[in-house]
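Structure below is input28.tsv: TSV, C-alpha atoms.
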chain	number	residue	atom	x	y	z
A	458	MET	CA	0.00	0.00	0.00
A	459	GLU	CA	1.25	3.49	-0.88
A	460	THR	CA	-0.15	7.00	-1.14
A	461	ARG	CA	-0.42	9.07	-4.30
A	462	LYS	CA	-1.29	12.69	-5.00
A	463	VAL	CA	-3.85	12.96	-7.79
A	464	LYS	CA	-6.17	15.56	-9.30
A	465	ILE	CA	-9.63	15.28	-7.85
A	466	GLU	CA	-11.06	14.68	-11.33
A	467	ASP	CA	-8.88	11.56	-11.54
A	468	ALA	CA	-9.69	10.40	-8.02
A	469	VAL	CA	-13.19	8.98	-8.61
A	470	GLY	CA	-13.25	5.42	-7.30
A	471	MET	CA	-10.06	5.93	-5.31
A	472	ILE	CA	-9.71	5.87	-1.53
A	473	LEU	CA	-8.76	8.78	0.71
A	474	CYS	CA	-5.77	8.08	2.91
A	475	HIS	CA	-6.48	10.96	5.33
A	476	ASP	CA	-9.38	12.94	6.77
A	477	ILE	CA	-10.41	16.15	5.02
A	478	THR	CA	-11.52	18.90	7.38
A	479	GLU	CA	-14.24	21.46	6.72
A	480	ILE	CA	-14.18	24.83	8.51
A	481	ILE	CA	-17.20	27.13	8.52
A	482	PRO	CA	-16.13	30.34	10.31
A	483	GLY	CA	-18.21	31.03	13.40
A	484	GLU	CA	-20.14	27.75	13.02
A	485	ARG	CA	-18.05	24.60	13.15
A	486	LYS	CA	-14.91	22.74	12.34
A	487	GLY	CA	-15.32	19.09	11.53
A	488	ARG	CA	-14.64	16.18	9.23
A	489	ALA	CA	-16.04	16.52	5.71
A	490	PHE	CA	-14.57	13.25	4.40
A	491	LYS	CA	-13.30	10.33	6.45
A	492	LYS	CA	-10.07	8.50	5.90
A	493	GLY	CA	-10.94	5.44	3.82
A	494	HIS	CA	-13.80	7.16	1.96
A	495	ARG	CA	-14.14	6.08	-1.65
A	496	ILE	CA	-14.43	9.19	-3.85
A	497	GLU	CA	-17.67	9.47	-5.85
A	498	VAL	CA	-18.52	11.84	-8.73
A	499	GLU	CA	-20.92	13.73	-6.46
A	500	ASP	CA	-18.04	14.49	-4.06
A	501	LEU	CA	-16.11	16.60	-6.56
A	502	ASP	CA	-18.03	19.87	-6.15
A	503	ARG	CA	-17.74	19.70	-2.38
A	504	LEU	CA	-14.01	19.03	-2.62
A	505	ARG	CA	-13.61	22.07	-4.88
A	506	GLY	CA	-15.59	24.09	-2.35
A	507	LEU	CA	-13.07	23.03	0.27
A	508	GLY	CA	-10.27	24.34	-1.92
A	509	LYS	CA	-9.08	20.91	-2.94
A	510	ASN	CA	-7.69	20.49	-6.45
A	511	HIS	CA	-5.53	17.52	-5.49
A	512	ILE	CA	-5.95	14.87	-2.83
A	513	TYR	CA	-3.89	12.01	-1.48
A	514	VAL	CA	-5.31	8.56	-2.20
A	515	LEU	CA	-4.35	5.00	-1.46
A	516	HIS	CA	-2.89	2.71	-4.04
A	517	MET	CA	-3.51	-0.86	-2.97
A	518	ASP	CA	-1.53	-3.87	-4.06
A	519	GLU	CA	-3.21	-6.90	-5.58
A	520	ASP	CA	-2.90	-8.77	-2.29
A	521	GLU	CA	-4.78	-6.10	-0.29
A	522	VAL	CA	-8.48	-5.54	0.39
A	523	HIS	CA	-10.11	-2.24	1.39
A	524	GLU	CA	-11.75	-2.14	4.81
A	525	ASP	CA	-15.28	-1.78	3.37
A	526	ASP	CA	-14.79	-4.81	1.14
A	527	GLY	CA	-13.27	-6.69	4.05
A	528	ALA	CA	-16.34	-5.90	6.15
A	529	ARG	CA	-18.61	-7.18	3.36
A	530	ILE	CA	-16.64	-10.41	3.18
A	531	LEU	CA	-16.84	-10.89	6.95
A	532	GLY	CA	-20.56	-10.14	6.93
A	533	ASP	CA	-21.11	-12.86	4.33
A	534	ILE	CA	-18.98	-15.25	6.38
A	535	LEU	CA	-20.93	-14.60	9.59
A	536	GLY	CA	-24.45	-14.35	8.21
A	537	GLY	CA	-26.60	-17.46	8.03
A	538	GLN	CA	-30.27	-18.37	8.17
A	539	ASN	CA	-32.69	-15.48	8.81
A	540	VAL	CA	-29.92	-12.89	9.06
A	541	GLU	CA	-29.60	-9.77	6.90
A	542	VAL	CA	-26.25	-8.02	6.42
A	543	THR	CA	-26.10	-4.23	6.01
A	544	GLU	CA	-23.82	-2.24	3.74
A	545	PRO	CA	-20.69	-0.88	5.44
A	546	TYR	CA	-21.08	2.20	7.60
A	547	GLU	CA	-17.85	3.59	9.00
A	548	SER	CA	-16.31	0.42	7.56
A	549	ARG	CA	-18.46	-1.88	9.70
A	550	VAL	CA	-21.35	-4.10	8.69
A	551	ASN	CA	-24.15	-5.13	11.04
A	552	LEU	CA	-26.26	-8.26	10.99
A	553	HIS	CA	-29.98	-8.06	11.78
A	554	ALA	CA	-32.54	-10.78	12.49
A	555	THR	CA	-35.24	-11.10	9.85
A	556	VAL	CA	-37.55	-13.12	12.15
A	557	HIS	CA	-38.49	-13.35	15.82
A	558	GLY	CA	-36.51	-16.28	17.09
A	559	LEU	CA	-33.52	-17.71	18.90
A	560	LEU	CA	-30.02	-16.53	18.05
A	561	LYS	CA	-27.66	-19.43	17.36
A	562	VAL	CA	-23.94	-18.70	17.33
A	563	ASP	CA	-21.23	-21.20	16.46
A	564	THR	CA	-18.89	-19.92	19.14
A	565	GLU	CA	-15.94	-21.97	17.90
A	566	GLY	CA	-16.25	-20.39	14.47
A	567	LEU	CA	-16.66	-16.94	16.02
A	568	TYR	CA	-13.56	-17.36	18.16
A	569	ALA	CA	-11.58	-18.68	15.18
A	570	LEU	CA	-12.44	-15.54	13.20
A	571	ASN	CA	-11.36	-13.28	16.03
A	572	CYS	CA	-8.03	-15.10	16.28
A	573	LEU	CA	-7.17	-13.74	12.82
A	574	GLU	CA	-5.07	-10.60	12.65
A	575	ASP	CA	-7.08	-7.44	11.91
A	576	VAL	CA	-10.51	-9.13	12.22
A	577	VAL	CA	-13.21	-8.10	14.71
A	578	ALA	CA	-16.57	-9.89	14.99
A	579	SER	CA	-18.98	-9.69	17.93
A	580	THR	CA	-22.47	-11.03	18.59
A	581	LEU	CA	-25.22	-11.02	21.16
A	582	PRO	CA	-24.94	-14.00	23.53
A	583	ASN	CA	-25.65	-17.40	22.05
A	584	TYR	CA	-29.30	-18.48	22.50
A	585	SER	CA	-30.55	-14.92	22.96
A	586	ILE	CA	-34.20	-14.31	22.13
A	587	VAL	CA	-34.21	-11.70	19.36
A	588	THR	CA	-36.93	-9.76	17.59
A	589	LYS	CA	-37.32	-9.14	13.88
A	590	GLY	CA	-35.01	-6.30	12.85
A	591	GLU	CA	-32.81	-6.51	15.96
A	592	MET	CA	-29.05	-6.22	15.49
A	593	VAL	CA	-27.45	-9.54	16.43
A	594	ALA	CA	-23.83	-9.08	15.31
A	595	GLY	CA	-21.31	-6.59	13.94
A	596	THR	CA	-18.00	-7.07	12.16
A	597	LYS	CA	-15.16	-5.18	10.52
A	598	VAL	CA	-11.44	-5.23	9.80
A	599	THR	CA	-9.39	-2.84	11.90
A	600	PRO	CA	-6.90	-1.34	9.39
A	601	LEU	CA	-7.70	0.71	6.31
A	602	VAL	CA	-6.58	-2.19	4.15
A	603	VAL	CA	-6.16	-5.84	5.06
A	604	LYS	CA	-4.17	-8.61	3.45
A	605	ARG	CA	-6.26	-10.70	1.05
A	606	GLU	CA	-4.73	-13.81	2.61
A	607	ILE	CA	-6.48	-13.01	5.90
A	608	MET	CA	-9.86	-12.76	4.15
A	609	GLU	CA	-9.22	-16.06	2.38
A	610	THR	CA	-8.39	-17.70	5.71
A	611	ALA	CA	-11.62	-16.27	7.15
A	612	GLN	CA	-13.59	-17.76	4.25
A	613	GLY	CA	-11.90	-21.10	4.96
A	614	ILE	CA	-13.22	-20.96	8.53
A	615	ARG	CA	-16.75	-20.56	7.17
A	616	ARG	CA	-16.27	-23.52	4.84
A	617	GLU	CA	-14.99	-25.62	7.73
A	618	LYS	CA	-17.41	-24.50	10.45
A	619	GLY	CA	-20.52	-23.76	8.39
A	620	THR	CA	-23.05	-21.17	9.49
A	621	ILE	CA	-21.71	-18.98	12.30
A	622	VAL	CA	-24.65	-16.65	13.08
A	623	SER	CA	-28.26	-17.59	12.40
A	624	VAL	CA	-31.70	-17.02	13.87
A	625	ILE	CA	-33.98	-20.01	14.37
A	626	PRO	CA	-37.66	-19.00	14.26
A	627	PHE	CA	-39.89	-20.14	17.09
A	628	GLN	CA	-42.27	-22.91	16.14
A	629	PRO	CA	-46.04	-22.83	16.78
A	630	VAL	CA	-45.64	-25.60	19.34
A	631	LYS	CA	-48.64	-27.23	20.99
A	632	VAL	CA	-48.14	-27.49	24.73
A	633	SER	CA	-49.95	-29.41	27.45
A	634	ILE	CA	-49.52	-28.64	31.14
A	635	VAL	CA	-49.83	-31.25	33.87
A	636	ILE	CA	-50.04	-29.60	37.29
A	637	THR	CA	-49.27	-31.91	40.20
A	638	GLY	CA	-49.84	-31.62	43.93
A	639	THR	CA	-52.59	-33.04	46.11
A	640	GLU	CA	-53.29	-29.66	47.72
A	641	VAL	CA	-53.96	-28.10	44.32
A	642	TYR	CA	-55.83	-31.14	43.00
A	643	LYS	CA	-58.22	-31.01	45.96
A	644	GLY	CA	-58.63	-27.24	45.77
A	645	ILE	CA	-57.02	-26.57	49.14
A	646	ILE	CA	-54.78	-23.99	47.52
A	647	LYS	CA	-55.17	-22.16	44.21
A	648	ASP	CA	-52.89	-23.12	41.34
A	649	ALA	CA	-50.45	-20.45	40.13
A	650	PHE	CA	-48.52	-22.50	37.57
A	651	GLN	CA	-51.06	-22.43	34.73
A	652	GLU	CA	-51.06	-18.66	34.26
A	653	VAL	CA	-47.28	-18.30	34.55
A	654	LEU	CA	-46.47	-21.10	32.12
A	655	THR	CA	-49.17	-20.14	29.62
A	656	LYS	CA	-47.78	-16.61	29.35
A	657	LYS	CA	-44.28	-17.91	28.72
A	658	VAL	CA	-45.47	-20.38	26.09
A	659	GLU	CA	-47.57	-17.80	24.25
A	660	ALA	CA	-44.76	-15.20	24.31
A	661	LEU	CA	-42.76	-17.50	22.02
A	662	GLY	CA	-45.59	-18.31	19.64
A	663	GLY	CA	-46.82	-21.53	21.23
A	664	THR	CA	-50.34	-22.54	22.28
A	665	VAL	CA	-51.48	-24.35	25.42
A	666	ILE	CA	-53.92	-26.97	24.14
A	667	HIS	CA	-54.62	-28.89	27.35
A	668	VAL	CA	-54.29	-28.45	31.11
A	669	SER	CA	-54.82	-31.22	33.65
A	670	PHE	CA	-54.33	-31.70	37.40
A	671	ALA	CA	-53.04	-34.69	39.33
A	672	PRO	CA	-52.53	-35.52	43.02
A	673	ASP	CA	-49.18	-36.73	44.32
A	674	ASP	CA	-49.78	-40.16	42.86
A	675	GLU	CA	-47.21	-41.64	40.48
A	676	GLY	CA	-49.75	-43.65	38.51
A	677	ILE	CA	-52.17	-40.76	37.99
A	678	ILE	CA	-49.38	-38.37	36.97
A	679	ARG	CA	-48.15	-40.95	34.46
A	680	GLU	CA	-51.67	-41.26	33.03
A	681	LYS	CA	-51.96	-37.45	32.71
A	682	ILE	CA	-48.65	-37.27	30.82
A	683	GLN	CA	-49.78	-40.03	28.47
A	684	GLU	CA	-53.11	-38.27	27.98
A	685	ALA	CA	-51.26	-35.05	27.06
A	686	VAL	CA	-49.18	-36.92	24.50
A	687	SER	CA	-52.30	-38.48	22.99
A	688	LYS	CA	-53.74	-35.02	22.36
A	689	GLY	CA	-50.96	-34.17	19.91
A	690	SER	CA	-48.71	-32.17	22.20
A	691	ASP	CA	-45.24	-31.18	21.04
A	692	VAL	CA	-44.25	-30.32	24.62
A	693	VAL	CA	-45.58	-31.50	27.98
A	694	LEU	CA	-44.82	-29.33	31.00
A	695	VAL	CA	-45.14	-31.16	34.32
A	696	SER	CA	-45.09	-28.78	37.26
A	697	GLY	CA	-44.51	-29.32	40.96
A	698	GLY	CA	-43.40	-32.20	43.16
A	699	MET	CA	-39.87	-32.31	41.71
A	700	SER	CA	-37.82	-32.60	44.91
A	701	VAL	CA	-36.40	-35.76	46.50
A	702	ASP	CA	-38.96	-35.71	49.33
A	703	PRO	CA	-40.76	-39.06	49.68
A	704	ASP	CA	-44.13	-37.55	48.74
A	705	ASP	CA	-42.76	-35.79	45.62
A	706	VAL	CA	-43.32	-38.50	43.03
A	707	THR	CA	-43.35	-36.43	39.84
A	708	PRO	CA	-39.78	-37.41	38.80
A	709	LYS	CA	-40.66	-41.10	39.17
A	710	ALA	CA	-43.79	-40.65	37.05
A	711	ILE	CA	-41.81	-38.89	34.30
A	712	ARG	CA	-39.10	-41.58	34.35
A	713	SER	CA	-41.74	-44.27	33.93
A	714	VAL	CA	-42.84	-42.93	30.53
A	715	ALA	CA	-39.96	-40.84	29.18
A	716	ASP	CA	-36.24	-41.05	28.49
A	717	VAL	CA	-34.55	-38.68	30.93
A	718	VAL	CA	-31.80	-36.47	29.54
A	719	LYS	CA	-30.92	-34.96	32.93
A	720	TYR	CA	-32.50	-34.64	36.33
A	721	GLY	CA	-31.02	-31.70	38.17
A	722	SER	CA	-29.53	-28.57	36.64
A	723	PRO	CA	-26.59	-26.37	37.69
A	724	VAL	CA	-28.92	-23.37	37.68
A	725	LEU	CA	-30.28	-21.50	40.69
A	726	PRO	CA	-33.23	-21.17	40.80
A	727	GLY	CA	-34.09	-24.43	39.08
A	728	ALA	CA	-31.85	-27.13	40.56
A	729	MET	CA	-34.56	-29.84	40.54
A	730	PHE	CA	-35.37	-29.40	36.85
A	731	MET	CA	-35.86	-32.50	34.69
A	732	MET	CA	-35.47	-32.71	30.90
A	733	SER	CA	-36.80	-35.78	29.12
A	734	TYR	CA	-38.34	-36.97	25.87
A	735	ILE	CA	-40.97	-39.38	24.65
A	736	GLY	CA	-39.70	-39.77	21.10
A	737	ASP	CA	-39.51	-36.19	19.85
A	738	ILE	CA	-41.97	-34.87	22.44
A	739	ALA	CA	-40.24	-32.86	25.15
A	740	VAL	CA	-41.42	-33.66	28.67
A	741	ILE	CA	-40.14	-31.04	31.11
A	742	GLY	CA	-40.33	-31.33	34.88
A	743	ILE	CA	-40.53	-27.87	36.45
A	744	PRO	CA	-39.74	-27.43	40.16
A	745	ALA	CA	-41.79	-25.19	42.45
A	746	CYS	CA	-39.51	-22.20	41.83
A	747	GLY	CA	-41.05	-21.96	38.37
A	748	MET	CA	-44.23	-20.74	40.03
A	749	TYR	CA	-42.89	-17.94	42.25
A	750	ALA	CA	-39.48	-16.97	40.80
A	751	LYS	CA	-39.69	-14.59	37.86
A	752	ILE	CA	-36.82	-16.25	35.98
A	753	THR	CA	-35.55	-19.83	36.36
A	754	VAL	CA	-33.79	-22.52	34.37
A	755	PHE	CA	-37.03	-22.95	32.43
A	756	ASP	CA	-36.48	-19.54	30.83
A	757	LEU	CA	-33.08	-20.68	29.59
A	758	ILE	CA	-34.14	-24.06	28.24
A	759	TYR	CA	-37.69	-23.59	26.95
A	760	PRO	CA	-36.80	-21.06	24.20
A	761	ARG	CA	-34.51	-23.68	22.67
A	762	VAL	CA	-37.29	-26.24	22.80
A	763	ALA	CA	-39.69	-23.74	21.22
A	764	ALA	CA	-37.18	-23.25	18.39
A	765	GLY	CA	-37.10	-26.99	17.70
A	766	ILE	CA	-33.69	-27.66	19.27
A	767	LYS	CA	-33.33	-31.03	21.01
A	768	ILE	CA	-31.74	-30.55	24.44
A	769	THR	CA	-28.74	-32.62	25.47
A	770	LYS	CA	-27.17	-33.31	28.83
A	771	ALA	CA	-24.19	-31.18	27.76
A	772	ASP	CA	-26.52	-28.23	27.03
A	773	ILE	CA	-27.78	-28.30	30.62
A	774	ILE	CA	-24.35	-28.75	32.18
A	775	ALA	CA	-23.05	-25.78	30.15
A	776	LEU	CA	-25.47	-23.50	32.01
A	777	ALA	CA	-23.35	-23.80	35.17
A	778	ASN	CA	-21.24	-20.79	34.14
A	779	GLY	CA	-23.76	-17.97	34.49
A	780	GLY	CA	-26.40	-20.19	36.05
A	781	LEU	CA	-26.62	-18.25	39.32
A	782	CYS	CA	-29.38	-15.62	39.31
A	783	ARG	CA	-28.50	-12.37	41.07
A	784	LYS	CA	-32.19	-11.83	41.96
A	785	CYS	CA	-32.00	-8.17	40.96
A	786	ASP	CA	-34.85	-5.87	41.91
A	787	PRO	CA	-36.19	-4.99	39.45
A	788	CYS	CA	-35.37	-8.01	37.31
A	789	ARG	CA	-33.38	-7.07	34.19
A	790	PHE	CA	-33.41	-10.46	32.44
A	791	PRO	CA	-32.30	-11.06	29.72
A	792	ASN	CA	-30.04	-8.01	29.99
A	793	CYS	CA	-28.01	-9.55	32.80
A	794	SER	CA	-25.49	-12.29	33.53
A	795	PHE	CA	-28.06	-15.08	34.09
A	796	GLY	CA	-27.45	-17.87	31.60
A	797	ARG	CA	-24.74	-15.86	29.85
A	798	GLY	CA	-21.64	-17.89	30.65

Would you mind giving the structure from this file in structure tokens?
Amino acid sequence: METRKVKIEDAVGMILCHDITEIIPGERKGRAFKKGHRIEVEDLDRLRGLGKNHIYVLHMDEDEVHEDDGARILGDILGGQNVEVTEPYESRVNLHATVHGLLKVDTEGLYALNCLEDVVASTLPNYSIVTKGEMVAGTKVTPLVVKREIMETAQGIRREKGTIVSVIPFQPVKVSIVITGTEVYKGIIKDAFQEVLTKKVEALGGTVIHVSFAPDDEGIIREKIQEAVSKGSDVVLVSGGMSVDPDDVTPKAIRSVADVVKYGSPVLPGAMFMMSYIGDIAVIGIPACGMYAKITVFDLIYPRVAAGIKITKADIIALANGGLCRKCDPCRFPNCSFGRG
């Protein structure tokens, strides 16, 4: 890369290698053209008005890429399903969600990109709930020009890793709720689970198609789960009775009909959470904290289920880093550390 002095008439399409300042006496002094700006025909009159007949421009070698073009390349590398990439602004491109859904980031691919010299790429946290139009990532190269070899290496990371940033739309899942507890079943106390869980399901585009109640009886709870499955549920939420107390039999009932992925989560609140499946139907055991705590492990796991992601044991274990809720007042979730390890 070198600089050249050229007539402004010959500079169209070339790149400024320095800022050009504009001074309006008594009003302002500021930047009229930014270093790295590509000269357009419509810029010529303004340059003349600034007293510029010649300017200094960059001459790039064949093995160099301008920062705007580098940003475009990185945007294409990052952007996947349901992500729109903007044109460069101040030599940075942004990525926006085109649907309401769950942000999925290949963190290994993201880290590999950032290990490259002169490359910067950042995203919202993996598994963030994002709205249509929301910015989910931004990327740029740091110098005015970057070696083409670096961009080619970055493209190789995309070929190796696949999609790095995508948004998975929430599915119109059909959900049944089985509420356990003899005291609720007999009407001794009023249930609070149904309203809480219904709101969370509907917020992500799902529909509660069936609600049933069961006493602390393993056989009856099992029958209610099977009934929910028979009604065409994609997800069955089983609330209450999830501890190891002798009269809390919900975990046993779930185990009797479903394949358990993990019982117990490294998340507080939500330690006695159970994730299981009957085929592809998610059966989720929700401890009592899901009724009175505003945010629990359920709020970290259910969005993935609603996006059609099958939960693994490793997914739950990974929540340990960031799994402790600070119990802020007022609650700031998801703009906080909870679930953001």

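If you measure from each of A:Pro723, A:Gly613, A:Gly698, A:Gly662 to Ile773 of chain A using all atoms listed in the file, the closest one turns out to be A:Pro723.
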
> Suppose you want the space between atom CA of Pro672 of chain A and atom CA of Asp756 of chain A; what is it in Å?
Replying inline: 25.7 Å

>> Quick check, in Å to one decimal: how far apart do atom CA of Phe730 of chain A and atom CA of Lys688 of chain A lie?
In response: 24.1 Å

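Taking only C-alpha atoms into account, the residues near (-40.6, -43.6, 29.2), no farther than 12 Å, are Arg679, Glu680, Ile682, Gln683, Val686, Pro708, Lys709, Ala710, Ile711, Arg712, Ser713, Val714, Ala715, Asp716, Val717, Val718, Ser733, Tyr734, Ile735, Gly736, Asp737, Ile738, Ala739 and Val740 of chain A.
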
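Distance check against Asp691 of chain A using only C-alpha atoms: of A:Lys767, A:Lys656, A:His475, A:Arg789, the minimum falls on A:Lys767.
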
>> Just want the 7 Å neighbourhood of Ser690 of chain A, counted on all atoms listed in the file, with same-chain residues fewer than 4 positions away dropped. Output as a count of residues only.
In response: 5

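The shortest atom-to-atom distance to Thr564 of chain A, with all atoms listed in the file taken into account, belongs to A:Thr620 out of A:Thr620, A:Thr596, A:Ser700, A:Thr543.
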
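Going from atom CA of Val540 of chain A to atom CA of Thr555 of chain A covers 5.7 Å.
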